[in-house]
Structures are given as structure tokens and as C-alpha cells.
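Chemist: Here you go, one structure.
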Amino acid sequence: MRFEVEPQALTGQAPVISRQGGQLAELAGEVRGLVGVADVTGSPEAAAAVERFARIWSECVLLMADTVGALGAATGSAAAAYTAVDEGVIPAGR
């Protein structure tokens, strides 16, 4: 079995993944903003349902943002680890 990794590809993707985590965090904030429109429903029950939905949805998106952000960081760390191993195992110029 042969295992190959392209550290440059990982290095290039790490910030892309991290940015996507940031975009998800922004989305979570926008979803939280739905709470402000809940009162226009004219119904306390509907307003409560909208608030609950927005809060839960926002929390879920924020959890995804944290996970995606951590994946971006892990991808960068993996690239550094693979590079270090390669430099220690493969002779320079080979």
C-alpha cells in the first residue's frame, strides 16, 4: 500500500477551509438576527417559535463554524507535519 500526500495542496487549502468557517460564523450571526423580526408576527406563540428556531439554528451553524475552523487549522498542521517528516526522511535534492 502506498500513501502519498501533497503538503503544498494541504497548505493551500487550510486558509480556504478556515475562511469557510468564518463565513459560517457570520451566517450564525445573521440567523440570530431573525429573533428581531419575531415580534412582527403578531402572535406570541409564533414569535416564540421563530425565536426558538433562530436560536437553535444559529447555535448549530456556530458549531459547524467551529468544526470547519478546526478542520482548517488541522489541515495546516498536517501539512507542516508531512513536510517535516519528508525533510527528515528524504535526502535533499533527491
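Residue numbers start at 1 in each chain; chains themselves are named A, B, ... in the order of the C-alpha cells; ligands are numbered from 1 in the order shown.
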Quick one: everything within 6 Å of region 32-39 of chain A, counting only C-alpha atoms, minus sequence neighbours fewer than 6 positions away in the same chain. Send it as an MDAnalysis selection string.
Modeler: chainID A and resid 47 50:51 54 58
Chemist: Store the residues of this selection in a file with C-alpha atoms, as a PDB file, in the first residue's frame.
Modeler:
ATOM      1  CA  ALA A  47     -42.842  34.835  17.943  1.00  0.00           C
ATOM      2  CA  VAL A  50     -39.372  31.934  15.500  1.00  0.00           C
ATOM      3  CA  GLU A  51     -37.078  32.900  18.376  1.00  0.00           C
ATOM      4  CA  ALA A  54     -33.420  31.121  15.181  1.00  0.00           C
ATOM      5  CA  SER A  58     -27.769  29.772  14.978  1.00  0.00           C
TER       6      SER A  58
END
Chemist: Could you name the residues that touch Leu71 (chain A) at 9 Å or less, counting only C-alpha atoms, but leaving out those on the same chain fewer than 5 positions away, as a PyMOL selection string?
Modeler: chain A and resi 14+17-18+21+66+76
Chemist: With N, CA and C atoms retained, write the just-selected residues as a compact mmCIF listing (two decimals), in the first residue's frame.
Modeler:
# COMPACT_ATOMS: atom_id res chain seq x y z
N ALA A 14 -5.78 24.95 3.62
CA ALA A 14 -6.01 25.29 5.03
C ALA A 14 -6.66 26.66 5.20
N ILE A 17 -10.36 26.63 3.93
CA ILE A 17 -11.27 25.97 4.87
C ILE A 17 -11.53 26.88 6.07
N SER A 18 -10.48 27.52 6.57
CA SER A 18 -10.65 28.42 7.72
C SER A 18 -11.58 29.58 7.37
N GLY A 21 -15.09 28.53 7.58
CA GLY A 21 -15.54 28.51 8.97
C GLY A 21 -15.97 29.90 9.42
N ASP A 66 -17.25 26.31 14.08
CA ASP A 66 -16.12 25.91 14.93
C ASP A 66 -15.44 24.66 14.38
N GLY A 76 -3.67 22.68 8.08
CA GLY A 76 -2.39 23.38 8.09
C GLY A 76 -1.34 22.66 8.93
Chemist: Using DSSP assignments from the backbone, pull out every residue in chain A that falls under alpha helix (DSSP H) and give it to me as a PyMOL selection string.
Modeler: chain A and resi 7-32+44-89
Chemist: Using only C-alpha atoms, can you tell me which of A:Val40, A:Leu62, A:Ala74, A:Leu10 comes closest to Gln23 (chain A)?
Modeler: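 The shortest atom-to-atom distance to Gln23 (chain A) comes from A:Leu62.
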Chemist: In Å to one decimal, how far is CA of Ala49 (chain A) from CA of Leu27 (chain A)?
Modeler: 19.7 Å
Chemist: Rounded to one decimal place, report the CA of Phe3 (chain A)-CA of Asp86 (chain A) distance in Å.
Modeler: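 Result for CA of Phe3 (chain A) versus CA of Asp86 (chain A): 12.5 Å, one decimal.
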Chemist: For a test of reading the model, state the distance in Å between CA of Gly29 (chain A) and CA of Cys60 (chain A), rounded to one decimal.
Modeler: 11.5 Å
Chemist: Rank nothing, just name the residue among A:Gly69, A:Val61, A:Ala78, A:Ala84 nearest to Arg19 (chain A), using only C-alpha atoms.
Modeler: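 Of all the options, A:Gly69 lies closest to Arg19 (chain A).
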